[in-house]
$ cat final27.cif   # mmCIF, C-alpha atoms and all ligand atoms
data_final
#
loop_
_atom_site.group_PDB
_atom_site.id
_atom_site.type_symbol
_atom_site.label_atom_id
_atom_site.label_comp_id
_atom_site.auth_asym_id
_atom_site.auth_seq_id
_atom_site.Cartn_x
_atom_site.Cartn_y
_atom_site.Cartn_z
ATOM 1 C CA MET G 13 -8.503 2.304 7.423
ATOM 2 C CA ALA G 14 -6.946 5.779 7.318
ATOM 3 C CA ASP G 15 -3.681 4.486 8.856
ATOM 4 C CA ARG G 16 -3.360 1.672 6.357
ATOM 5 C CA LYS G 17 -1.558 2.491 3.106
ATOM 6 C CA GLU G 18 -3.165 -0.161 0.930
ATOM 7 C CA VAL G 19 -1.532 -0.669 -2.444
ATOM 8 C CA MET G 20 -3.551 -3.427 -4.117
ATOM 9 C CA TRP G 21 -6.607 -5.585 -3.812
ATOM 10 C CA CYS G 22 -7.774 -8.971 -5.036
ATOM 11 C CA THR G 23 -10.182 -9.034 -8.017
ATOM 12 C CA LEU G 24 -11.780 -12.229 -6.703
ATOM 13 C CA CYS G 25 -12.298 -11.770 -2.965
ATOM 14 C CA GLY G 26 -11.907 -7.970 -2.733
ATOM 15 C CA ALA G 27 -9.345 -8.097 0.106
ATOM 16 C CA ARG G 28 -7.137 -4.993 0.262
ATOM 17 C CA PHE G 29 -3.447 -5.201 1.190
ATOM 18 C CA THR G 30 -0.576 -2.999 2.281
ATOM 19 C CA GLN G 31 2.844 -3.629 0.720
ATOM 20 C CA ASP G 32 3.955 -5.459 3.899
ATOM 21 C CA GLU G 33 1.005 -7.853 3.708
ATOM 22 C CA ILE G 34 1.920 -9.048 0.200
ATOM 23 C CA LYS G 35 4.060 -12.189 0.229
ATOM 24 C CA GLY G 36 4.967 -13.158 -3.309
ATOM 25 C CA TRP G 37 2.440 -13.781 -6.058
ATOM 26 C CA GLY G 38 -1.214 -14.577 -5.395
ATOM 27 C CA CYS G 39 -3.820 -13.274 -2.980
ATOM 28 C CA PRO G 40 -2.774 -13.925 0.660
ATOM 29 C CA LYS G 41 -6.447 -14.471 1.576
ATOM 30 C CA CYS G 42 -7.969 -16.586 -1.236
ATOM 31 C CA SER G 43 -4.880 -17.582 -3.311
ATOM 32 C CA ASN G 44 -6.322 -16.089 -6.519
ATOM 33 C CA GLN G 45 -3.472 -16.009 -9.060
ATOM 34 C CA GLY G 46 -4.900 -13.194 -11.208
ATOM 35 C CA ILE G 47 -3.424 -9.723 -11.580
ATOM 36 C CA PRO G 48 -4.605 -7.595 -8.618
ATOM 37 C CA CYS G 49 -6.070 -4.073 -8.789
ATOM 38 C CA ALA G 50 -3.850 -1.091 -7.920
ATOM 39 C CA CYS G 51 -5.518 1.005 -5.204
ATOM 40 C CA ASP G 52 -4.423 4.245 -6.890
ATOM 41 C CA LYS G 53 -6.786 3.355 -9.747
ATOM 42 C CA ASP G 54 -9.904 3.057 -7.525
ATOM 43 C CA THR G 55 -12.234 5.544 -9.136
ATOM 44 C CA THR G 56 -15.799 6.412 -10.040
ATOM 45 C CA VAL G 57 -17.224 6.396 -13.564
ATOM 46 C CA GLU G 58 -20.470 7.531 -15.117
ATOM 47 C CA VAL G 59 -22.238 4.684 -16.858
ATOM 48 C CA ASN G 60 -25.704 3.384 -17.667
ATOM 49 C CA TRP G 61 -26.729 0.104 -16.017
ATOM 50 C CA HIS G 62 -27.514 -1.410 -19.405
ATOM 51 C CA GLU G 63 -23.932 -0.737 -20.514
ATOM 52 C CA LEU G 64 -22.650 -2.624 -17.468
ATOM 53 C CA HIS G 65 -25.150 -5.414 -18.163
ATOM 54 C CA ILE G 66 -23.807 -5.806 -21.712
ATOM 55 C CA LEU G 67 -20.208 -5.913 -20.494
ATOM 56 C CA CYS G 68 -20.929 -8.406 -17.709
ATOM 57 C CA VAL G 69 -23.001 -10.771 -19.878
ATOM 58 C CA TRP G 70 -20.344 -10.834 -22.600
ATOM 59 C CA ALA G 71 -17.542 -11.252 -20.070
ATOM 60 C CA GLU G 72 -19.451 -14.091 -18.389
ATOM 61 C CA ASN G 73 -19.993 -15.775 -21.758
ATOM 62 C CA TRP G 74 -16.343 -15.420 -22.747
ATOM 63 C CA ALA G 75 -15.163 -16.712 -19.354
ATOM 64 C CA HIS G 76 -17.386 -19.799 -19.708
ATOM 65 C CA ARG G 77 -16.054 -20.497 -23.209
ATOM 66 C CA SER G 78 -12.429 -19.939 -22.201
ATOM 67 C CA MET G 79 -12.600 -22.278 -19.220
ATOM 68 C CA GLY G 80 -13.414 -25.229 -21.420
ATOM 69 C CA HIS G 81 -10.880 -24.408 -24.104
ATOM 70 C CA PRO G 82 -7.939 -26.848 -24.255
ATOM 71 C CA SER G 83 -5.377 -24.042 -24.541
ATOM 72 C CA SER G 84 -6.679 -22.090 -21.561
ATOM 73 C CA ASP G 85 -4.066 -21.395 -18.925
ATOM 74 C CA PRO G 86 -4.723 -21.959 -15.204
ATOM 75 C CA SER G 87 -5.506 -18.277 -14.509
ATOM 76 C CA SER G 88 -8.265 -18.261 -17.122
ATOM 77 C CA LYS G 89 -9.958 -21.073 -15.224
ATOM 78 C CA GLN G 90 -10.603 -18.590 -12.388
ATOM 79 C CA MET G 91 -11.916 -15.875 -14.720
ATOM 80 C CA ASP G 92 -15.465 -17.178 -14.434
ATOM 81 C CA GLN G 93 -15.323 -16.573 -10.672
ATOM 82 C CA VAL G 94 -13.584 -13.209 -11.095
ATOM 83 C CA VAL G 95 -16.204 -11.983 -13.582
ATOM 84 C CA HIS G 96 -18.965 -12.977 -11.167
ATOM 85 C CA ALA G 97 -17.175 -11.339 -8.236
ATOM 86 C CA ILE G 98 -16.838 -8.072 -10.181
ATOM 87 C CA ALA G 99 -20.495 -8.219 -11.263
ATOM 88 C CA ARG G 100 -21.634 -8.860 -7.691
ATOM 89 C CA ARG G 101 -19.619 -5.929 -6.311
ATOM 90 C CA LEU G 102 -21.157 -3.682 -8.981
ATOM 91 C CA GLN G 103 -24.651 -5.085 -8.531
ATOM 92 C CA ALA G 104 -24.572 -4.655 -4.761
ATOM 93 C CA GLN G 105 -24.133 -0.913 -5.279
ATOM 94 C CA HIS G 106 -27.571 -0.713 -6.964
ATOM 95 C CA PRO G 107 -29.507 -3.844 -5.933
ATOM 96 C CA THR G 108 -32.802 -2.622 -7.418
ATOM 97 C CA PHE G 109 -31.336 -2.172 -10.913
ATOM 98 C CA GLY G 110 -31.309 -5.897 -11.695
ATOM 99 C CA HIS G 111 -28.769 -8.621 -12.252
ATOM 100 C CA LEU G 112 -25.723 -7.887 -14.357
ATOM 101 C CA THR G 113 -25.033 -11.490 -15.427
ATOM 102 C CA LEU G 114 -27.190 -13.865 -17.424
ATOM 103 C CA SER G 115 -26.663 -16.602 -14.830
ATOM 104 C CA GLY G 116 -27.880 -14.228 -12.116
ATOM 105 C CA GLU G 117 -30.966 -13.307 -14.144
ATOM 106 C CA ILE G 118 -31.813 -16.954 -14.806
ATOM 107 C CA ALA G 119 -31.256 -17.953 -11.174
ATOM 108 C CA ALA G 120 -33.579 -15.153 -10.023
ATOM 109 C CA LEU G 121 -36.230 -15.771 -12.705
ATOM 110 C CA PRO G 122 -38.551 -18.074 -10.684
ATOM 111 C CA ALA G 123 -38.608 -15.684 -7.713
ATOM 112 C CA ASP G 124 -38.957 -12.592 -9.930
ATOM 113 C CA LEU G 125 -41.923 -14.149 -11.782
ATOM 114 C CA ALA G 126 -43.496 -15.389 -8.543
ATOM 115 C CA GLN G 127 -43.598 -11.763 -7.354
ATOM 116 C CA LYS G 128 -45.718 -11.041 -10.429
ATOM 117 C CA GLY G 129 -48.024 -13.987 -9.702
ATOM 118 C CA ILE G 130 -46.467 -16.269 -12.320
ATOM 119 C CA GLU G 131 -45.385 -19.690 -11.062
ATOM 120 C CA ILE G 132 -42.855 -21.654 -13.073
ATOM 121 C CA GLY G 133 -40.888 -24.828 -12.399
ATOM 122 C CA ASN G 134 -37.200 -25.263 -12.893
ATOM 123 C CA VAL G 135 -35.585 -23.213 -15.632
ATOM 124 C CA GLU G 136 -33.754 -25.447 -18.093
ATOM 125 C CA THR G 137 -30.543 -23.797 -19.273
ATOM 126 C CA ASN G 138 -26.968 -24.564 -20.204
ATOM 127 C CA ILE G 139 -25.810 -21.465 -18.316
ATOM 128 C CA PRO G 140 -24.024 -22.598 -15.126
ATOM 129 C CA LYS G 141 -25.557 -21.342 -11.873
ATOM 130 C CA PRO G 142 -23.543 -18.673 -10.092
ATOM 131 C CA GLY G 143 -21.459 -20.362 -7.411
ATOM 132 C CA LEU G 144 -20.280 -19.310 -4.000
ATOM 133 C CA LEU G 145 -17.487 -16.749 -4.078
ATOM 134 C CA PRO G 146 -14.928 -15.823 -1.418
ATOM 135 C CA VAL G 147 -15.511 -12.349 0.009
ATOM 136 C CA ASN G 148 -12.655 -10.962 2.113
ATOM 137 C CA GLY G 149 -12.972 -7.262 1.433
ATOM 138 C CA PRO G 150 -14.825 -4.492 -0.391
ATOM 139 C CA GLY G 151 -12.643 -4.192 -3.490
ATOM 140 C CA ALA G 152 -12.972 -0.596 -4.696
ATOM 141 C CA VAL G 153 -16.401 -0.118 -3.079
ATOM 142 C CA GLY G 154 -16.107 2.863 -0.773
ATOM 143 C CA TYR G 155 -12.711 3.857 -2.195
ATOM 144 C CA GLY G 156 -13.691 5.339 -5.563
ATOM 145 C CA ARG G 157 -12.347 8.829 -6.154
ATOM 146 C CA GLN G 158 -13.734 11.395 -8.524
ATOM 147 C CA LEU G 159 -10.855 13.178 -10.218
ATOM 148 C CA THR G 160 -10.956 16.945 -10.015
ATOM 149 C CA ASP G 161 -10.551 19.010 -13.179
ATOM 150 C CA THR G 162 -6.888 19.602 -12.337
ATOM 151 C CA GLN G 163 -6.267 15.844 -11.988
ATOM 152 C CA GLN G 164 -7.798 14.959 -15.353
ATOM 153 C CA PRO G 165 -5.292 13.929 -18.002
ATOM 154 C CA GLU G 166 -4.896 16.339 -20.893
ATOM 155 C CA PRO G 167 -7.010 15.430 -23.931
ATOM 156 C CA LYS G 168 -4.955 13.961 -26.770
HETATM 157 ZN ZN ZN W 1 -8.419 -12.860 -2.820
#

$ encode --input "final27.cif" --output "structure tokens"
Amino acid sequence: MADRKEVMWCTLCGARFTQDEIKGWGCPKCSNQGIPCACDKDTTVEVNWHELHILCVWAENWAHRSMGHPSSDPSSKQMDQVVHAIARRLQAQHPTFGHLTLSGEIAALPADLAQKGIEIGNVETNIPKPGLLPVNGPGAVGYGRQLTDTQQPEPK
């Protein structure tokens, strides 16, 4: 890892790449056509889990709506998967804090209630179940940097 000068990574599968490993547009591992993350922007932020939950639920909702829209371009059709991949990478960092997407909460509801002694059948919903996602790397997990005071941009 220390010898590799990675320059970008895939928002869908999390694979990280050096400049030499990039061959044209699209992720070499999963073929995602979305804009990749620049490794020099891997960072840490201070946030409350509820703030992340709000962002993920709204992003998930918007991605679902956009996929079915007649004017949606091909890259927006993958946004549903990308939003879930981002939420899963975040969620895996604090697995006891709860699901960050509505689909994840609904999918886990029967098991979560069963732990409390409440048995329910199938949950009827129009929220699509989270699907399988390609995982080829960690994304920014393990690479986040905290900027020192001297690296902080000047306030405007
Ligand atoms: Zn990928």

$ residues_around --input "final27.cif" --residues "Cys42 in chain G" --least-positions-apart "5" --cutoff "10 Å" --atoms "all atoms listed in the file" --output "list in words"
Cys22, Leu24, Cys25, Gly26, Ala27, Leu145, Pro146, Val147 and Asn148 of chain G

$ resolve_selection --input "final27.cif" --expression "the PyMOL selection byres (((not hetatm)) within 12 of (chain W and resi 1))" --output "JSON, numbers by chain"
{"G": [20, 21, 22, 23, 24, 25, 26, 27, 28, 29, 34, 37, 38, 39, 40, 41, 42, 43, 44, 45, 46, 47, 48, 49, 90, 93, 94, 97, 145, 146, 147, 148, 149, 150, 151]}

$ write_last_selection --input "final27.cif" --atoms "C-alpha atoms" --output "JSON list (two decimals), in the coordinates of the input"
[["chain", "number", "residue", "atom", "x", "y", "z"],
["G", 20, "MET", "CA", -3.55, -3.43, -4.12],
["G", 21, "TRP", "CA", -6.61, -5.58, -3.81],
["G", 22, "CYS", "CA", -7.77, -8.97, -5.04],
["G", 23, "THR", "CA", -10.18, -9.03, -8.02],
["G", 24, "LEU", "CA", -11.78, -12.23, -6.70],
["G", 25, "CYS", "CA", -12.30, -11.77, -2.96],
["G", 26, "GLY", "CA", -11.91, -7.97, -2.73],
["G", 27, "ALA", "CA", -9.35, -8.10, 0.11],
["G", 28, "ARG", "CA", -7.14, -4.99, 0.26],
["G", 29, "PHE", "CA", -3.45, -5.20, 1.19],
["G", 34, "ILE", "CA", 1.92, -9.05, 0.20],
["G", 37, "TRP", "CA", 2.44, -13.78, -6.06],
["G", 38, "GLY", "CA", -1.21, -14.58, -5.40],
["G", 39, "CYS", "CA", -3.82, -13.27, -2.98],
["G", 40, "PRO", "CA", -2.77, -13.92, 0.66],
["G", 41, "LYS", "CA", -6.45, -14.47, 1.58],
["G", 42, "CYS", "CA", -7.97, -16.59, -1.24],
["G", 43, "SER", "CA", -4.88, -17.58, -3.31],
["G", 44, "ASN", "CA", -6.32, -16.09, -6.52],
["G", 45, "GLN", "CA", -3.47, -16.01, -9.06],
["G", 46, "GLY", "CA", -4.90, -13.19, -11.21],
["G", 47, "ILE", "CA", -3.42, -9.72, -11.58],
["G", 48, "PRO", "CA", -4.61, -7.60, -8.62],
["G", 49, "CYS", "CA", -6.07, -4.07, -8.79],
["G", 90, "GLN", "CA", -10.60, -18.59, -12.39],
["G", 93, "GLN", "CA", -15.32, -16.57, -10.67],
["G", 94, "VAL", "CA", -13.58, -13.21, -11.10],
["G", 97, "ALA", "CA", -17.18, -11.34, -8.24],
["G", 145, "LEU", "CA", -17.49, -16.75, -4.08],
["G", 146, "PRO", "CA", -14.93, -15.82, -1.42],
["G", 147, "VAL", "CA", -15.51, -12.35, 0.01],
["G", 148, "ASN", "CA", -12.66, -10.96, 2.11],
["G", 149, "GLY", "CA", -12.97, -7.26, 1.43],
["G", 150, "PRO", "CA", -14.82, -4.49, -0.39],
["G", 151, "GLY", "CA", -12.64, -4.19, -3.49]]

$ residues_near_point --input "final27.cif" --point "(-15.7, 12.2, -7.7)" --cutoff "10 Å" --atoms "only C-alpha atoms" --output "JSON, numbers by chain"
{"G": [55, 56, 57, 58, 156, 157, 158, 159, 160]}

$ closest_residue --input "final27.cif" --among "G:Val19, G:Leu114, G:Lys89, G:Thr30" --to "Asn138 in chain G" --atoms "all atoms listed in the file"
G:Leu114

$ resolve_selection --input "final27.cif" --expression "the PyMOL selection byres (((chain G and resi 70-77) around 8) and not hetatm)" --output "ChimeraX atom specification"
/G:66-69,78-81,88-89,91-92,95-96,113-114

$ write_last_selection --input "final27.cif" --atoms "C-alpha atoms" --output "short mmCIF file (atom, residue, chain, number, x, y, z; two decimals), in the frame of the given file"
data_model
loop_
_atom_site.label_atom_id
_atom_site.label_comp_id
_atom_site.auth_asym_id
_atom_site.auth_seq_id
_atom_site.Cartn_x
_atom_site.Cartn_y
_atom_site.Cartn_z
CA ILE G 66 -23.81 -5.81 -21.71
CA LEU G 67 -20.21 -5.91 -20.49
CA CYS G 68 -20.93 -8.41 -17.71
CA VAL G 69 -23.00 -10.77 -19.88
CA SER G 78 -12.43 -19.94 -22.20
CA MET G 79 -12.60 -22.28 -19.22
CA GLY G 80 -13.41 -25.23 -21.42
CA HIS G 81 -10.88 -24.41 -24.10
CA SER G 88 -8.26 -18.26 -17.12
CA LYS G 89 -9.96 -21.07 -15.22
CA MET G 91 -11.92 -15.88 -14.72
CA ASP G 92 -15.46 -17.18 -14.43
CA VAL G 95 -16.20 -11.98 -13.58
CA HIS G 96 -18.96 -12.98 -11.17
CA THR G 113 -25.03 -11.49 -15.43
CA LEU G 114 -27.19 -13.86 -17.42
#

$ atom_distance --input "final27.cif" --atom1 "CA of Leu102 in chain G" --atom2 "CA of Lys141 in chain G"
18.4 Å

$ atom_distance --input "final27.cif" --atom1 "CA of Phe109 in chain G" --atom2 "CA of Glu136 in chain G"
24.5 Å

$ closest_residue --input "final27.cif" --among "G:Ser115, G:Val153, G:Pro167, G:Val135" --to "Cys51 in chain G" --atoms "all atoms listed in the file"
G:Val153

$ atom_distance --input "final27.cif" --atom1 "CA of Gly129 in chain G" --atom2 "CA of Pro107 in chain G"
21.4 Å

$ closest_residue --input "final27.cif" --among "G:Gln105, G:Ile118, G:Ala123, G:Arg100" --to "Leu144 in chain G" --atoms "all atoms listed in the file"
G:Arg100

$ closest_residue --input "final27.cif" --among "G:His111, G:Lys53, G:His62, G:Lys17" --to "Ala152 in chain G" --atoms "only C-alpha atoms"
G:Lys53
